[in-house]
$ cat start35.cif   # mmCIF, C-alpha atoms
data_run
#
loop_
_atom_site.label_atom_id
_atom_site.label_comp_id
_atom_site.auth_asym_id
_atom_site.auth_seq_id
_atom_site.Cartn_x
_atom_site.Cartn_y
_atom_site.Cartn_z
CA MET U 1 282.61 -108.30 322.46
CA SER U 2 283.66 -104.86 321.27
CA LEU U 3 281.59 -102.90 318.77
CA ILE U 4 284.75 -101.52 317.13
CA ASN U 5 285.00 -102.46 313.44
CA THR U 6 281.53 -104.06 313.46
CA GLN U 7 278.86 -103.24 310.90
CA VAL U 8 275.84 -101.23 312.02
CA GLN U 9 272.71 -103.23 311.28
CA PRO U 10 269.84 -101.58 309.38
CA PHE U 11 267.13 -100.04 311.55
CA LYS U 12 264.11 -97.77 311.34
CA ALA U 13 263.36 -94.99 313.81
CA GLN U 14 261.28 -91.84 314.09
CA ALA U 15 263.14 -88.54 314.30
CA PHE U 16 262.35 -84.88 314.81
CA HIS U 17 264.37 -82.76 312.42
CA ASN U 18 264.06 -79.03 311.81
CA GLY U 19 260.35 -78.79 312.43
CA LYS U 20 259.29 -81.63 309.98
CA PHE U 21 264.62 -84.76 324.80
CA ASN U 22 268.19 -85.84 327.17
CA CYS U 23 271.00 -83.42 328.00
CA PRO U 24 270.40 -79.98 326.50
CA THR U 25 274.03 -78.93 327.10
CA GLU U 26 275.31 -81.80 324.96
CA ILE U 27 272.82 -81.04 322.20
CA GLU U 28 273.84 -77.39 322.34
CA ASP U 29 277.53 -78.36 322.17
CA ALA U 30 276.83 -80.53 319.10
CA ALA U 31 274.74 -77.74 317.55
CA ASN U 32 277.49 -75.19 318.14
CA ASN U 33 279.98 -77.49 316.36
CA TYR U 34 277.64 -78.83 313.68
CA ALA U 35 279.27 -76.79 310.90
CA GLU U 36 282.58 -78.51 311.68
CA PHE U 37 280.97 -81.93 311.33
CA GLN U 38 279.40 -80.91 308.02
CA LYS U 39 282.73 -79.50 306.81
CA ALA U 40 284.27 -82.91 307.59
CA GLY U 41 281.51 -84.60 305.56
CA ALA U 42 279.90 -86.13 308.65
CA GLU U 43 276.37 -86.16 310.02
CA VAL U 44 275.24 -85.90 313.64
CA TYR U 45 272.33 -87.84 315.12
CA ILE U 46 271.25 -87.51 318.73
CA VAL U 47 269.38 -90.61 319.90
CA THR U 48 267.41 -90.89 323.13
CA THR U 49 264.90 -93.30 324.58
CA ASP U 50 262.28 -90.54 324.26
CA THR U 51 259.86 -90.33 321.34
CA HIS U 52 260.19 -87.96 318.43
CA PHE U 53 257.17 -86.14 319.91
CA SER U 54 259.18 -85.38 323.06
CA HIS U 55 262.05 -84.18 320.90
CA LYS U 56 259.71 -81.76 319.14
CA VAL U 57 258.64 -80.28 322.48
CA TRP U 58 262.27 -80.00 323.65
CA HIS U 59 263.24 -78.34 320.36
CA GLU U 60 260.44 -75.81 320.68
CA THR U 61 260.88 -74.99 324.39
CA SER U 62 264.59 -75.28 325.16
CA PRO U 63 266.89 -72.58 323.77
CA ALA U 64 269.79 -75.07 323.89
CA VAL U 65 267.97 -77.91 322.10
CA GLY U 66 266.37 -75.43 319.71
CA LYS U 67 269.80 -74.83 318.14
CA ALA U 68 269.91 -78.41 316.78
CA GLN U 69 269.79 -78.57 312.98
CA PHE U 70 270.39 -82.33 312.95
CA PRO U 71 267.97 -85.20 313.59
CA LEU U 72 266.86 -85.99 317.13
CA VAL U 73 266.06 -89.70 316.90
CA GLY U 74 263.55 -91.37 319.19
CA ASP U 75 264.21 -94.89 320.44
CA PRO U 76 261.27 -95.65 322.75
CA THR U 77 261.46 -99.38 321.92
CA HIS U 78 265.18 -99.39 322.87
CA GLN U 79 266.15 -101.12 319.63
CA LEU U 80 269.12 -98.79 319.10
CA THR U 81 270.28 -98.57 322.70
CA ARG U 82 270.42 -102.36 322.81
CA ALA U 83 272.12 -102.64 319.40
CA PHE U 84 274.79 -100.15 320.49
CA ASP U 85 275.19 -101.82 323.90
CA VAL U 86 274.29 -98.77 326.01
CA HIS U 87 270.89 -99.87 327.32
CA ILE U 88 270.25 -99.92 331.08
CA ASP U 89 267.61 -102.64 331.49
CA GLU U 90 266.67 -101.73 335.09
CA GLU U 91 265.94 -98.12 334.16
CA GLY U 92 264.70 -98.36 330.58
CA LEU U 93 267.25 -95.68 329.75
CA ALA U 94 270.61 -95.50 328.05
CA LEU U 95 274.13 -94.60 329.02
CA ARG U 96 275.71 -91.69 327.12
CA GLY U 97 277.27 -93.28 324.05
CA THR U 98 279.15 -91.60 321.21
CA PHE U 99 279.97 -93.51 318.04
CA VAL U 100 281.94 -92.54 314.96
CA ILE U 101 280.71 -94.66 312.08
CA ASN U 102 282.40 -94.61 308.69
CA PRO U 103 280.50 -94.28 305.38
CA ASP U 104 280.41 -98.08 305.06
CA GLY U 105 278.49 -98.34 308.34
CA VAL U 106 281.46 -99.65 310.33
CA ILE U 107 281.93 -98.39 313.90
CA LYS U 108 285.40 -96.83 314.28
CA THR U 109 285.20 -95.27 317.77
CA VAL U 110 283.05 -95.90 320.82
CA GLU U 111 282.88 -93.70 323.90
CA ILE U 112 280.44 -94.60 326.69
CA HIS U 113 279.91 -92.50 329.79
CA SER U 114 277.89 -92.86 332.95
CA ASN U 115 274.92 -90.50 332.77
CA GLU U 116 276.30 -88.00 335.27
CA ILE U 117 279.29 -87.27 332.99
CA ALA U 118 278.62 -85.16 329.92
CA ARG U 119 280.65 -85.45 326.74
CA ASP U 120 282.80 -82.90 324.90
CA VAL U 121 282.05 -82.62 321.19
CA SER U 122 285.52 -81.27 320.41
CA GLU U 123 286.93 -84.68 321.34
CA THR U 124 284.41 -86.38 319.06
CA LEU U 125 285.51 -84.10 316.21
CA ARG U 126 289.15 -84.98 316.88
CA LYS U 127 288.34 -88.71 316.76
CA LEU U 128 286.29 -88.26 313.58
CA LYS U 129 289.20 -86.50 311.86
CA ALA U 130 291.64 -89.16 313.08
CA ALA U 131 289.39 -91.92 311.72
CA GLN U 132 289.12 -90.11 308.39
CA TYR U 133 292.88 -89.59 308.24
CA THR U 134 293.78 -93.20 308.98
CA ALA U 135 291.16 -94.44 306.49
CA SER U 136 292.85 -92.44 303.73
CA HIS U 137 296.41 -93.20 304.94
CA PRO U 138 296.65 -96.99 305.52
CA GLY U 139 299.55 -98.02 307.71
CA GLU U 140 299.60 -94.76 309.67
CA VAL U 141 298.26 -94.19 313.18
CA CYS U 142 297.37 -91.03 315.06
CA PRO U 143 299.24 -90.69 318.35
CA ALA U 144 297.72 -89.46 321.62
CA LYS U 145 296.35 -85.91 321.43
CA TRP U 146 296.77 -85.91 317.64
CA LYS U 147 295.11 -82.97 315.89
CA GLU U 148 294.41 -82.55 312.20
CA GLY U 149 297.58 -81.58 310.32
CA GLU U 150 299.95 -82.97 312.95
CA LYS U 151 302.48 -85.74 312.40
CA THR U 152 301.31 -89.35 312.50
CA LEU U 153 303.24 -92.56 313.07
CA ALA U 154 303.87 -95.69 311.04
CA PRO U 155 304.01 -98.49 313.63
CA SER U 156 307.12 -100.64 313.44
CA LEU U 157 309.66 -102.37 315.67
CA ASP U 158 311.99 -99.44 314.94
CA LEU U 159 309.79 -97.19 317.13
CA VAL U 160 310.04 -99.43 320.22
CA GLY U 161 311.81 -97.52 322.97
CA LYS U 162 312.10 -94.34 320.89
CA ILE U 163 308.83 -92.69 321.77
#
$ encode --input "start35.cif" --output "structure tokens"
Amino acid sequence: MSLINTQVQPFKAQAFHNGKFNCPTEIEDAANNYAEFQKAGAEVYIVTTDTHFSHKVWHETSPAVGKAQFPLVGDPTHQLTRAFDVHIDEEGLALRGTFVINPDGVIKTVEIHSNEIARDVSETLRKLKAAQYTASHPGEVCPAKWKEGEKTLAPSLDLVGKI
């Protein structure tokens, strides 16, 4: 079963956030683009199977991870990795999953990678903006490679064979 359009279930987790750990290059990429997420009214959470204590050490010792101004969430019990269907039972680890969740807690995009393939945050931002656009413009869809401000489509039989 797909997670798309399903409701995220309530959960509790420990997080390390701004002084009050996973792939440092991905955290750095998210940190470098964090202002864009905030501008779009979105929040970023990095979740790993490590503890929030490990995240604190990573934040203090890694220049890349140290840039993070968003919560680094620990999931040592694997509650979240299982709920988001990215858990690897044999390893006690998780695949690289990226989820865009709307303000109502509904999952709108899912991207899951094998652990040797890092993600690109610019693509996550594009998907976030597409999800926001279609939420505020019912009946429209964003075509492949759509970027904010570009033309969208209204699906209909009239488009068949014309695109």
$ resolve_selection --input "start35.cif" --expression "the PyMOL selection byres ((chain U and resi 15) around 6)" --output "ChimeraX atom specification"
/U:14,16,52,71-74
$ write_last_selection --input "start35.cif" --atoms "C-alpha atoms" --output "CSV table (one decimal), in the coordinates of the input"
chain,number,residue,atom,x,y,z
U,14,GLN,CA,261.3,-91.8,314.1
U,16,PHE,CA,262.4,-84.9,314.8
U,52,HIS,CA,260.2,-88.0,318.4
U,71,PRO,CA,268.0,-85.2,313.6
U,72,LEU,CA,266.9,-86.0,317.1
U,73,VAL,CA,266.1,-89.7,316.9
U,74,GLY,CA,263.6,-91.4,319.2
$ atom_distance --input "start35.cif" --atom1 "CA of Gly97 (chain U)" --atom2 "CA of Leu153 (chain U)"
28.2 Å
$ residues_around --input "start35.cif" --residues "region 78-93 of chain U" --least-positions-apart "5" --cutoff "8 Å" --atoms "all atoms listed in the file" --output "CSV table (one decimal) with C-alpha atoms, in the frame of the given file"
chain,number,residue,atom,x,y,z
U,3,LEU,CA,281.6,-102.9,318.8
U,11,PHE,CA,267.1,-100.0,311.6
U,49,THR,CA,264.9,-93.3,324.6
U,112,ILE,CA,280.4,-94.6,326.7
$ resolve_selection --input "start35.cif" --expression "the PyMOL selection byres ((chain U and resi 33) around 12)" --output "VMD selection string"
chain U and resid 26 to 32 34 to 40 42 to 44 67 to 70 120 to 126
$ atom_distance --input "start35.cif" --atom1 "CA of Cys142 (chain U)" --atom2 "CA of Leu128 (chain U)"
11.5 Å
$ atom_distance --input "start35.cif" --atom1 "CA of Glu140 (chain U)" --atom2 "CA of Asn102 (chain U)"
17.2 Å
$ residues_around --input "start35.cif" --residues "Ser54 (chain U)" --least-positions-apart "4" --cutoff "8 Å" --atoms "only C-alpha atoms" --output "number ranges by chain"
U: 21, 50, 58
$ closest_residue --input "start35.cif" --among "U:Phe53, U:Trp146, U:Tyr45, U:Phe99" --to "Ala130 (chain U)" --atoms "only C-alpha atoms"
U:Trp146
$ closest_residue --input "start35.cif" --among "U:Val160, U:Ile4, U:Val100, U:Val141" --to "Lys127 (chain U)" --atoms "all atoms listed in the file"
U:Val100
$ axis_aligned_box --input "start35.cif" --around "region 126-129 of chain U" --padding-each-side "8 Å" --output "JSON"
{"center_x": 287.7, "center_y": -86.8, "center_z": 314.4, "size_x": 18.9, "size_y": 19.7, "size_z": 21.0}
$ closest_residue --input "start35.cif" --among "U:Gly161, U:Gly105, U:Gly149, U:Pro155" --to "Lys129 (chain U)" --atoms "only C-alpha atoms"
U:Gly149
$ closest_residue --input "start35.cif" --among "U:Ile46, U:Ala144, U:Leu159, U:Leu95" --to "Pro24 (chain U)" --atoms "all atoms listed in the file"
U:Ile46
$ closest_residue --input "start35.cif" --among "U:Arg96, U:Gly139, U:Val57, U:Thr48" --to "Ile117 (chain U)" --atoms "only C-alpha atoms"
U:Arg96
$ residues_around --input "start35.cif" --residues "Asp104 (chain U)" --least-positions-apart "4" --cutoff "12 Å" --atoms "only C-alpha atoms" --output "ChimeraX atom specification"
/U:5-10,100,108,135
